[in-house]
$ cat data-v8.csv   # CSV, C-alpha atoms
chain,number,residue,atom,x,y,z
A,1,MET,CA,-100.9,10.9,-45.6
A,2,SER,CA,-99.9,8.0,-47.9
A,3,ILE,CA,-96.6,6.0,-47.4
A,4,PRO,CA,-93.7,8.2,-48.5
A,5,GLY,CA,-92.2,6.9,-51.8
A,6,VAL,CA,-95.0,4.3,-52.4
A,7,ARG,CA,-97.3,4.5,-55.4
A,8,GLY,CA,-100.0,2.2,-56.7
A,9,ARG,CA,-102.8,0.3,-55.1
A,10,ARG,CA,-101.2,-3.0,-54.3
A,11,ARG,CA,-101.4,-3.8,-50.6
A,12,ASP,CA,-99.2,-7.0,-50.4
A,13,PRO,CA,-96.2,-6.4,-48.1
A,14,ARG,CA,-93.6,-7.5,-50.6
A,15,SER,CA,-94.7,-4.9,-53.2
A,16,VAL,CA,-95.1,-2.1,-50.6
A,17,ILE,CA,-91.9,-2.7,-48.8
A,18,GLY,CA,-90.0,-3.1,-52.1
A,19,GLN,CA,-91.0,0.5,-52.9
A,20,VAL,CA,-90.1,1.7,-49.4
A,21,GLU,CA,-86.6,0.3,-49.8
A,22,ALA,CA,-86.0,1.8,-53.2
A,23,ALA,CA,-87.2,5.2,-52.2
A,24,GLN,CA,-84.7,5.7,-49.4
A,25,TRP,CA,-86.8,8.6,-48.1
A,26,LEU,CA,-86.1,10.4,-44.8
A,27,PRO,CA,-88.5,12.6,-42.8
A,28,SER,CA,-87.5,16.3,-42.5
A,29,THR,CA,-88.0,16.4,-38.7
A,30,GLY,CA,-85.0,17.1,-36.5
A,31,GLY,CA,-82.9,14.6,-34.6
A,32,GLU,CA,-81.5,11.3,-35.7
A,33,ARG,CA,-83.9,9.9,-38.3
A,34,PHE,CA,-84.6,6.6,-39.9
A,35,HIS,CA,-87.2,5.3,-42.4
A,36,GLY,CA,-88.0,1.7,-43.4
A,37,TRP,CA,-89.8,-1.2,-42.0
A,38,GLY,CA,-89.5,-4.2,-39.7
A,39,VAL,CA,-91.1,-6.7,-37.4
A,40,MET,CA,-91.9,-4.6,-34.4
A,41,GLY,CA,-91.6,-7.7,-32.3
A,42,LEU,CA,-92.9,-11.3,-32.3
A,43,PRO,CA,-93.1,-13.3,-29.0
A,44,PHE,CA,-93.1,-17.1,-28.8
A,45,ALA,CA,-95.0,-19.1,-26.2
A,46,SER,CA,-91.6,-20.6,-25.2
A,47,GLY,CA,-90.6,-17.1,-23.9
A,48,HIS,CA,-88.3,-16.2,-26.8
A,49,VAL,CA,-88.8,-12.9,-28.6
A,50,LEU,CA,-87.6,-11.8,-32.1
A,51,GLY,CA,-87.6,-8.5,-33.9
A,52,LEU,CA,-86.3,-7.0,-37.1
A,53,ARG,CA,-85.4,-3.5,-38.1
A,54,ARG,CA,-84.7,-2.6,-41.8
A,55,TRP,CA,-83.6,1.0,-42.3
A,56,PRO,CA,-82.8,1.7,-46.0
A,57,ALA,CA,-82.5,5.4,-45.0
A,58,SER,CA,-80.6,6.7,-42.0
A,59,SER,CA,-79.4,10.2,-41.1
A,60,ILE,CA,-76.4,9.0,-39.1
A,61,GLY,CA,-74.8,6.2,-41.2
A,62,PRO,CA,-75.3,3.6,-43.9
A,63,PRO,CA,-78.6,1.6,-44.4
A,64,TYR,CA,-78.7,-1.4,-42.1
A,65,SER,CA,-80.6,-4.4,-40.9
A,66,SER,CA,-80.8,-5.4,-37.2
A,67,VAL,CA,-82.3,-8.6,-35.7
A,68,TRP,CA,-83.2,-8.6,-32.0
A,69,HIS,CA,-83.5,-11.7,-29.8
A,70,ARG,CA,-84.6,-12.0,-26.2
A,71,THR,CA,-84.2,-15.3,-24.3
A,72,PRO,CA,-86.9,-16.5,-21.9
A,73,ASP,CA,-84.8,-15.2,-19.0
A,74,GLY,CA,-84.6,-11.7,-20.4
A,75,ARG,CA,-81.2,-11.5,-22.1
A,76,TRP,CA,-81.1,-9.5,-25.3
A,77,THR,CA,-78.8,-10.1,-28.3
A,78,PHE,CA,-78.7,-7.7,-31.2
A,79,TRP,CA,-77.1,-8.6,-34.6
A,80,SER,CA,-76.6,-5.9,-37.1
A,81,THR,CA,-75.1,-5.4,-40.6
A,82,ALA,CA,-73.7,-2.0,-39.5
A,83,GLU,CA,-71.4,-1.0,-36.7
A,84,ALA,CA,-73.0,-0.9,-33.3
A,85,SER,CA,-72.4,2.9,-33.0
A,86,VAL,CA,-74.7,3.7,-35.9
A,87,SER,CA,-77.3,1.0,-35.4
A,88,CYS,CA,-79.9,0.1,-32.8
A,89,ASN,CA,-77.2,-0.5,-30.1
A,90,ARG,CA,-76.7,3.3,-30.1
A,91,TYR,CA,-80.1,3.6,-28.3
A,92,ALA,CA,-80.5,0.2,-26.5
A,93,GLY,CA,-76.9,-0.7,-25.4
A,94,GLU,CA,-77.7,-0.6,-21.7
A,95,VAL,CA,-80.0,-3.7,-22.0
A,96,ILE,CA,-78.1,-5.6,-24.7
A,97,THR,CA,-76.2,-8.6,-23.2
A,98,HIS,CA,-74.5,-9.8,-26.5
A,99,THR,CA,-74.0,-8.1,-29.8
A,100,ALA,CA,-72.3,-9.0,-33.1
A,101,GLN,CA,-72.0,-7.6,-36.6
A,102,SER,CA,-73.2,-10.1,-39.1
A,103,PRO,CA,-74.7,-10.5,-42.6
A,104,ILE,CA,-78.5,-10.6,-42.4
A,105,ALA,CA,-80.4,-12.0,-45.4
A,106,VAL,CA,-84.0,-10.8,-45.9
A,107,SER,CA,-86.1,-12.4,-48.7
A,108,TRP,CA,-89.7,-12.8,-49.8
A,109,PRO,CA,-90.6,-16.4,-50.8
A,110,GLY,CA,-94.1,-15.0,-51.6
A,111,ASP,CA,-96.0,-11.8,-51.5
A,112,TRP,CA,-97.1,-12.5,-47.9
A,113,THR,CA,-94.1,-14.6,-46.6
A,114,LEU,CA,-91.0,-13.1,-45.1
A,115,SER,CA,-87.8,-15.0,-44.5
A,116,ILE,CA,-84.8,-13.8,-42.4
A,117,GLU,CA,-81.4,-15.4,-41.8
A,118,VAL,CA,-78.6,-14.3,-39.5
A,119,GLU,CA,-75.5,-16.1,-40.6
A,120,THR,CA,-73.4,-15.6,-37.4
A,121,ALA,CA,-76.2,-16.8,-35.1
A,122,ARG,CA,-77.5,-19.7,-37.3
A,123,LEU,CA,-80.9,-18.1,-37.0
A,124,TRP,CA,-83.6,-18.9,-39.5
A,125,TRP,CA,-86.9,-17.2,-39.2
A,126,GLU,CA,-90.0,-17.2,-41.4
A,127,VAL,CA,-93.1,-14.9,-40.9
A,128,VAL,CA,-96.4,-15.2,-42.7
A,129,LEU,CA,-98.2,-11.9,-42.9
A,130,THR,CA,-101.9,-11.0,-43.2
A,131,GLU,CA,-104.0,-7.8,-43.2
A,132,PRO,CA,-107.1,-8.8,-41.2
A,133,PRO,CA,-110.2,-6.5,-41.3
A,134,MET,CA,-109.2,-4.5,-38.2
A,135,ALA,CA,-105.7,-3.8,-39.6
A,136,ARG,CA,-107.3,-2.7,-42.9
A,137,VAL,CA,-109.6,-0.4,-41.1
A,138,LEU,CA,-106.8,1.1,-39.0
A,139,ASN,CA,-104.5,1.5,-42.0
A,140,ALA,CA,-107.2,3.3,-44.0
A,141,ALA,CA,-108.1,5.5,-41.0
A,142,ALA,CA,-104.5,6.5,-40.4
A,143,ALA,CA,-103.8,7.4,-44.0
A,144,GLY,CA,-105.0,11.0,-43.7
A,145,LEU,CA,-103.8,11.6,-40.1
A,146,PRO,CA,-100.8,13.8,-39.1
A,147,ASP,CA,-97.9,12.0,-37.6
A,148,ARG,CA,-98.5,13.0,-34.0
A,149,TRP,CA,-102.0,11.5,-34.2
A,150,ARG,CA,-100.7,8.2,-35.6
A,151,ARG,CA,-98.4,8.0,-32.6
A,152,ALA,CA,-101.1,8.9,-30.1
A,153,GLY,CA,-103.3,6.1,-31.5
A,154,GLY,CA,-100.6,3.4,-30.8
A,155,PRO,CA,-102.0,2.1,-27.5
A,156,ALA,CA,-105.5,1.7,-28.8
A,157,ALA,CA,-104.4,0.2,-32.1
A,158,GLY,CA,-102.3,-2.4,-30.3
A,159,ARG,CA,-105.2,-3.5,-28.3
A,160,LEU,CA,-107.5,-3.6,-31.3
A,161,LEU,CA,-105.0,-5.8,-33.1
A,162,GLY,CA,-104.6,-8.2,-30.1
A,163,ALA,CA,-101.0,-7.1,-29.5
A,164,GLY,CA,-101.4,-5.3,-26.2
A,165,PRO,CA,-100.7,-1.6,-25.7
A,166,LEU,CA,-98.1,0.0,-27.9
A,167,ALA,CA,-95.9,2.9,-26.8
A,168,LEU,CA,-94.8,4.9,-29.9
A,169,ALA,CA,-92.9,7.6,-28.0
A,170,GLY,CA,-90.8,7.6,-24.9
A,171,SER,CA,-87.3,7.0,-23.6
A,172,MET,CA,-84.8,4.4,-24.8
A,173,PRO,CA,-82.5,2.5,-22.4
A,174,ASN,CA,-79.5,4.8,-23.3
A,175,GLY,CA,-81.6,7.8,-22.4
A,176,GLN,CA,-82.5,9.2,-25.8
A,177,MET,CA,-86.2,10.0,-26.5
A,178,PHE,CA,-87.8,8.3,-29.4
A,179,ALA,CA,-90.9,8.8,-31.6
A,180,LEU,CA,-92.2,6.2,-34.0
A,181,THR,CA,-94.6,6.9,-36.9
A,182,PRO,CA,-96.2,3.9,-38.5
A,183,TYR,CA,-97.6,4.3,-42.0
A,184,ARG,CA,-98.9,0.7,-42.5
A,185,ILE,CA,-99.2,-2.4,-40.3
A,186,TRP,CA,-99.7,-6.0,-41.1
A,187,VAL,CA,-100.2,-8.9,-38.6
A,188,ALA,CA,-98.2,-12.2,-38.4
A,189,SER,CA,-100.6,-15.0,-38.9
A,190,GLY,CA,-97.8,-17.6,-38.4
A,191,SER,CA,-94.1,-17.9,-37.7
A,192,ARG,CA,-91.4,-20.4,-37.4
A,193,ALA,CA,-87.8,-19.9,-36.2
A,194,THR,CA,-84.8,-22.0,-35.3
A,195,LEU,CA,-81.7,-20.6,-33.5
A,196,ALA,CA,-78.5,-22.7,-33.5
A,197,GLY,CA,-80.6,-25.7,-34.4
A,198,ARG,CA,-83.2,-25.2,-31.7
A,199,ASP,CA,-86.8,-24.7,-32.6
A,200,LEU,CA,-88.3,-21.7,-30.8
A,201,GLY,CA,-91.8,-23.2,-30.9
A,202,ALA,CA,-95.2,-21.6,-31.7
A,203,PRO,CA,-95.9,-17.8,-31.5
A,204,GLY,CA,-97.8,-16.8,-28.4
A,205,PRO,CA,-98.1,-13.9,-25.9
A,206,LEU,CA,-95.9,-13.6,-22.9
A,207,PRO,CA,-97.1,-13.6,-19.3
A,208,GLN,CA,-95.6,-10.0,-19.1
A,209,GLN,CA,-95.2,-7.8,-22.1
A,210,ALA,CA,-91.5,-7.4,-23.0
A,211,ARG,CA,-89.9,-3.9,-23.3
A,212,VAL,CA,-86.8,-2.2,-24.6
A,213,GLY,CA,-86.9,1.0,-22.5
A,214,ASP,CA,-90.4,2.5,-23.0
A,215,PHE,CA,-90.9,0.6,-26.3
A,216,ARG,CA,-93.3,-2.3,-25.7
A,217,ILE,CA,-92.8,-5.4,-27.8
A,218,PRO,CA,-96.2,-6.4,-29.3
A,219,GLN,CA,-97.8,-9.5,-27.8
A,220,ARG,CA,-98.7,-10.5,-31.3
A,221,GLY,CA,-96.4,-10.2,-34.3
A,222,LEU,CA,-96.7,-6.9,-36.0
A,223,ILE,CA,-94.9,-5.8,-39.2
A,224,ALA,CA,-94.8,-2.1,-39.9
A,225,VAL,CA,-93.6,0.5,-42.4
A,226,GLY,CA,-92.7,3.7,-40.7
A,227,SER,CA,-90.2,6.3,-39.5
A,228,ALA,CA,-88.3,6.7,-36.3
A,229,SER,CA,-86.6,9.7,-34.8
A,230,PHE,CA,-84.4,10.0,-31.7
A,231,THR,CA,-82.9,12.7,-29.6
A,232,PRO,CA,-79.3,13.3,-30.9
A,233,LEU,CA,-76.7,11.5,-28.9
A,234,ASP,CA,-75.2,13.7,-26.2
A,235,PRO,CA,-72.5,11.8,-24.2
A,236,ALA,CA,-73.0,14.3,-21.3
A,237,ARG,CA,-76.6,13.2,-20.9
A,238,HIS,CA,-76.9,9.8,-22.6
A,239,SER,CA,-75.2,6.5,-22.1
A,240,THR,CA,-72.7,5.5,-24.9
A,241,ARG,CA,-72.7,1.8,-23.9
A,242,LEU,CA,-73.3,-0.3,-27.0
A,243,ALA,CA,-73.7,-3.6,-25.2
A,244,LEU,CA,-72.7,-5.2,-21.9
A,245,THR,CA,-70.5,-7.7,-23.7
A,246,ALA,CA,-69.7,-8.5,-27.3
A,247,GLY,CA,-69.8,-11.8,-29.2
$ encode --input "data-v8.csv" --output "structure tokens"
Amino acid sequence: MSIPGVRGRRRDPRSVIGQVEAAQWLPSTGGERFHGWGVMGLPFASGHVLGLRRWPASSIGPPYSSVWHRTPDGRWTFWSTAEASVSCNRYAGEVITHTAQSPIAVSWPGDWTLSIEVETARLWWEVVLTEPPMARVLNAAAAGLPDRWRRAGGPAAGRLLGAGPLALAGSMPNGQMFALTPYRIWVASGSRATLAGRDLGAPGPLPQQARVGDFRIPQRGLIAVGSASFTPLDPARHSTRLALTAG
């Protein structure tokens, strides 16, 4: 299966992702659904972790962007352009220490260079993308597979890309089940970031792979186009906590 809403042969991420954002396509599966792209996660040798979610299509609210940051001692902060109740906090609030609604600027200085800024946090982050031979092979092989096979191949694909095992289905911290379907993956060949004036240092794997519930943060920066679905929120079975504190 090709990427929904994407036409043409160009493989550079700026072109592909521009079409994904314009399409605003949603999968027809049940549950709470999202489609878009993001940095699945990028660890720094200093112990910091960053992630980005860009959902131009959502079944539960407006399109939004969310940036995740984990400190070396394990504290998560989520910034989002949307209210916490209709963004990533809905599923991960039990492990989020701080949260804030903030403008998030995403731009492409080049076809293979991504720039992210979070105004409230004074966060500046740049990622240089590449499609190494193994990623190209995996993307081509996955193009004709059904969604369930794409998800099942996550652990092996993560190892082949040097990112550690990936869990593309499981449970989120607030109790909802999730399923992620990647349609294309690129690899970060370099990244720089500063937070409140502090340089986060060079990218590098962590001694222990970070997690948000059953979702494993890649040990190497991965950027993916894909869809996500979650069990509908049921306050009788799931936590409704959006963060431990706000600010």
$ closest_residue --input "data-v8.csv" --among "A:Ser2, A:Leu129, A:Glu119, A:Pro62" --to "Ala196 in chain A" --atoms "only C-alpha atoms"
A:Glu119
$ residues_around --input "data-v8.csv" --residues "range 78-87 of chain A" --least-positions-apart "3" --cutoff "6 Å" --atoms "all atoms listed in the file" --output "VMD selection string"
chain A and resid 61 64 to 68 90 99 to 103
$ atom_distance --input "data-v8.csv" --atom1 "CA of Val128 in chain A" --atom2 "CA of Gly190 in chain A"
5.1 Å
$ atom_distance --input "data-v8.csv" --atom1 "CA of Ser115 in chain A" --atom2 "CA of Pro43 in chain A"
16.5 Å
$ closest_residue --input "data-v8.csv" --among "A:Asn174, A:Gly36, A:Asp111, A:Thr71" --to "Arg10 in chain A" --atoms "only C-alpha atoms"
A:Asp111
$ closest_residue --input "data-v8.csv" --among "A:Arg241, A:Ile60, A:Arg9, A:Asn89" --to "Glu32 in chain A" --atoms "only C-alpha atoms"
A:Ile60
$ residues_around --input "data-v8.csv" --residues "Ala22 in chain A" --least-positions-apart "3" --cutoff "12 Å" --atoms "all atoms listed in the file" --output "JSON, numbers by chain"
{"A": [4, 5, 6, 7, 15, 16, 17, 18, 19, 25, 35, 36, 55, 56, 57, 63]}
$ closest_residue --input "data-v8.csv" --among "A:Ala92, A:Val39, A:Ala202, A:Val137" --to "Leu114 in chain A" --atoms "all atoms listed in the file"
A:Val39
$ atom_distance --input "data-v8.csv" --atom1 "CA of Arg184 in chain A" --atom2 "CA of Gly8 in chain A"
14.3 Å
$ residues_near_point --input "data-v8.csv" --point "(-100.4, -9.2, -45.3)" --cutoff "12 Å" --atoms "all atoms listed in the file" --output "ChimeraX atom specification"
/A:10-17,110-114,127-133,135-136,139,184-190,221-224
$ residues_around --input "data-v8.csv" --residues "Trp124 in chain A" --least-positions-apart "4" --cutoff "12 Å" --atoms "all atoms listed in the file" --output "list in words"
Leu50, Val67, Ile104, Ala105, Val106, Ser107, Leu114, Ser115, Ile116, Glu117, Val118, Glu119, Thr120, Ser191, Arg192, Ala193, Thr194, Leu195, Ala196, Gly197, Arg198, Asp199 and Leu200 of chain A
$ closest_residue --input "data-v8.csv" --among "A:Leu42, A:Ala23, A:Met134, A:Ile3" --to "Gly204 in chain A" --atoms "all atoms listed in the file"
A:Leu42
$ closest_residue --input "data-v8.csv" --among "A:Gly213, A:Gly31, A:Gly201, A:Gly47" --to "Leu168 in chain A" --atoms "all atoms listed in the file"
A:Gly213
$ decode --input "data-v8.csv" --residues "range 11-30 of chain A" --atoms "N, CA, C and O atoms" --output "mmCIF file, in the first residue's frame"
data_model
loop_
_atom_site.group_PDB
_atom_site.id
_atom_site.type_symbol
_atom_site.label_atom_id
_atom_site.label_comp_id
_atom_site.auth_asym_id
_atom_site.auth_seq_id
_atom_site.Cartn_x
_atom_site.Cartn_y
_atom_site.Cartn_z
ATOM 1 N N ARG A 11 11.074 11.212 -3.098
ATOM 2 C CA ARG A 11 11.223 10.539 -1.816
ATOM 3 C C ARG A 11 11.707 11.473 -0.716
ATOM 4 O O ARG A 11 11.826 11.050 0.431
ATOM 5 N N ASP A 12 12.039 12.723 -1.062
ATOM 6 C CA ASP A 12 12.552 13.599 -0.015
ATOM 7 C C ASP A 12 11.440 13.899 0.989
ATOM 8 O O ASP A 12 10.269 14.057 0.623
ATOM 9 N N PRO A 13 11.771 13.958 2.269
ATOM 10 C CA PRO A 13 10.728 14.091 3.295
ATOM 11 C C PRO A 13 9.903 15.364 3.193
ATOM 12 O O PRO A 13 8.708 15.342 3.469
ATOM 13 N N ARG A 14 10.521 16.471 2.785
ATOM 14 C CA ARG A 14 9.717 17.698 2.699
ATOM 15 C C ARG A 14 8.586 17.541 1.694
ATOM 16 O O ARG A 14 7.439 17.947 1.969
ATOM 17 N N SER A 15 8.851 16.936 0.535
ATOM 18 C CA SER A 15 7.808 16.751 -0.481
ATOM 19 C C SER A 15 6.744 15.766 -0.019
ATOM 20 O O SER A 15 5.542 16.012 -0.138
ATOM 21 N N VAL A 16 7.185 14.623 0.519
ATOM 22 C CA VAL A 16 6.240 13.597 0.960
ATOM 23 C C VAL A 16 5.365 14.123 2.088
ATOM 24 O O VAL A 16 4.127 13.999 2.065
ATOM 25 N N ILE A 17 5.988 14.731 3.086
ATOM 26 C CA ILE A 17 5.241 15.194 4.254
ATOM 27 C C ILE A 17 4.324 16.366 3.901
ATOM 28 O O ILE A 17 3.220 16.488 4.452
ATOM 29 N N GLY A 18 4.735 17.199 2.947
ATOM 30 C CA GLY A 18 3.850 18.279 2.509
ATOM 31 C C GLY A 18 2.548 17.737 1.953
ATOM 32 O O GLY A 18 1.458 18.279 2.226
ATOM 33 N N GLN A 19 2.618 16.640 1.192
ATOM 34 C CA GLN A 19 1.400 16.021 0.669
ATOM 35 C C GLN A 19 0.576 15.367 1.772
ATOM 36 O O GLN A 19 -0.664 15.414 1.757
ATOM 37 N N VAL A 20 1.245 14.741 2.736
ATOM 38 C CA VAL A 20 0.545 14.123 3.865
ATOM 39 C C VAL A 20 -0.256 15.184 4.630
ATOM 40 O O VAL A 20 -1.422 14.979 4.993
ATOM 41 N N GLU A 21 0.363 16.330 4.871
ATOM 42 C CA GLU A 21 -0.329 17.381 5.621
ATOM 43 C C GLU A 21 -1.514 17.928 4.832
ATOM 44 O O GLU A 21 -2.575 18.204 5.394
ATOM 45 N N ALA A 22 -1.361 18.078 3.522
ATOM 46 C CA ALA A 22 -2.443 18.631 2.710
ATOM 47 C C ALA A 22 -3.607 17.662 2.578
ATOM 48 O O ALA A 22 -4.768 18.071 2.480
ATOM 49 N N ALA A 23 -3.327 16.351 2.578
ATOM 50 C CA ALA A 23 -4.380 15.357 2.369
ATOM 51 C C ALA A 23 -5.364 15.283 3.528
ATOM 52 O O ALA A 23 -6.559 15.046 3.322
ATOM 53 N N GLN A 24 -4.879 15.449 4.753
ATOM 54 C CA GLN A 24 -5.725 15.345 5.953
ATOM 55 C C GLN A 24 -6.591 14.085 5.904
ATOM 56 O O GLN A 24 -7.789 14.110 6.189
ATOM 57 N N TRP A 25 -5.964 12.976 5.567
ATOM 58 C CA TRP A 25 -6.632 11.679 5.449
ATOM 59 C C TRP A 25 -6.704 11.001 6.812
ATOM 60 O O TRP A 25 -5.809 11.139 7.644
ATOM 61 N N LEU A 26 -7.785 10.249 7.056
ATOM 62 C CA LEU A 26 -7.913 9.449 8.271
ATOM 63 C C LEU A 26 -8.209 7.996 7.911
ATOM 64 O O LEU A 26 -8.994 7.743 6.990
ATOM 65 N N PRO A 27 -7.626 7.041 8.619
ATOM 66 C CA PRO A 27 -7.961 5.638 8.377
ATOM 67 C C PRO A 27 -9.404 5.369 8.781
ATOM 68 O O PRO A 27 -9.971 6.060 9.628
ATOM 69 N N SER A 28 -9.995 4.354 8.183
ATOM 70 C CA SER A 28 -11.405 4.025 8.444
ATOM 71 C C SER A 28 -11.569 3.025 9.577
ATOM 72 O O SER A 28 -12.676 2.559 9.841
ATOM 73 N N THR A 29 -10.489 2.678 10.249
ATOM 74 C CA THR A 29 -10.575 1.753 11.379
ATOM 75 C C THR A 29 -11.335 2.399 12.529
ATOM 76 O O THR A 29 -11.540 3.610 12.553
ATOM 77 N N GLY A 30 -11.726 1.585 13.514
ATOM 78 C CA GLY A 30 -12.441 2.121 14.664
ATOM 79 C C GLY A 30 -11.506 2.797 15.658
ATOM 80 O O GLY A 30 -10.295 2.839 15.486
#
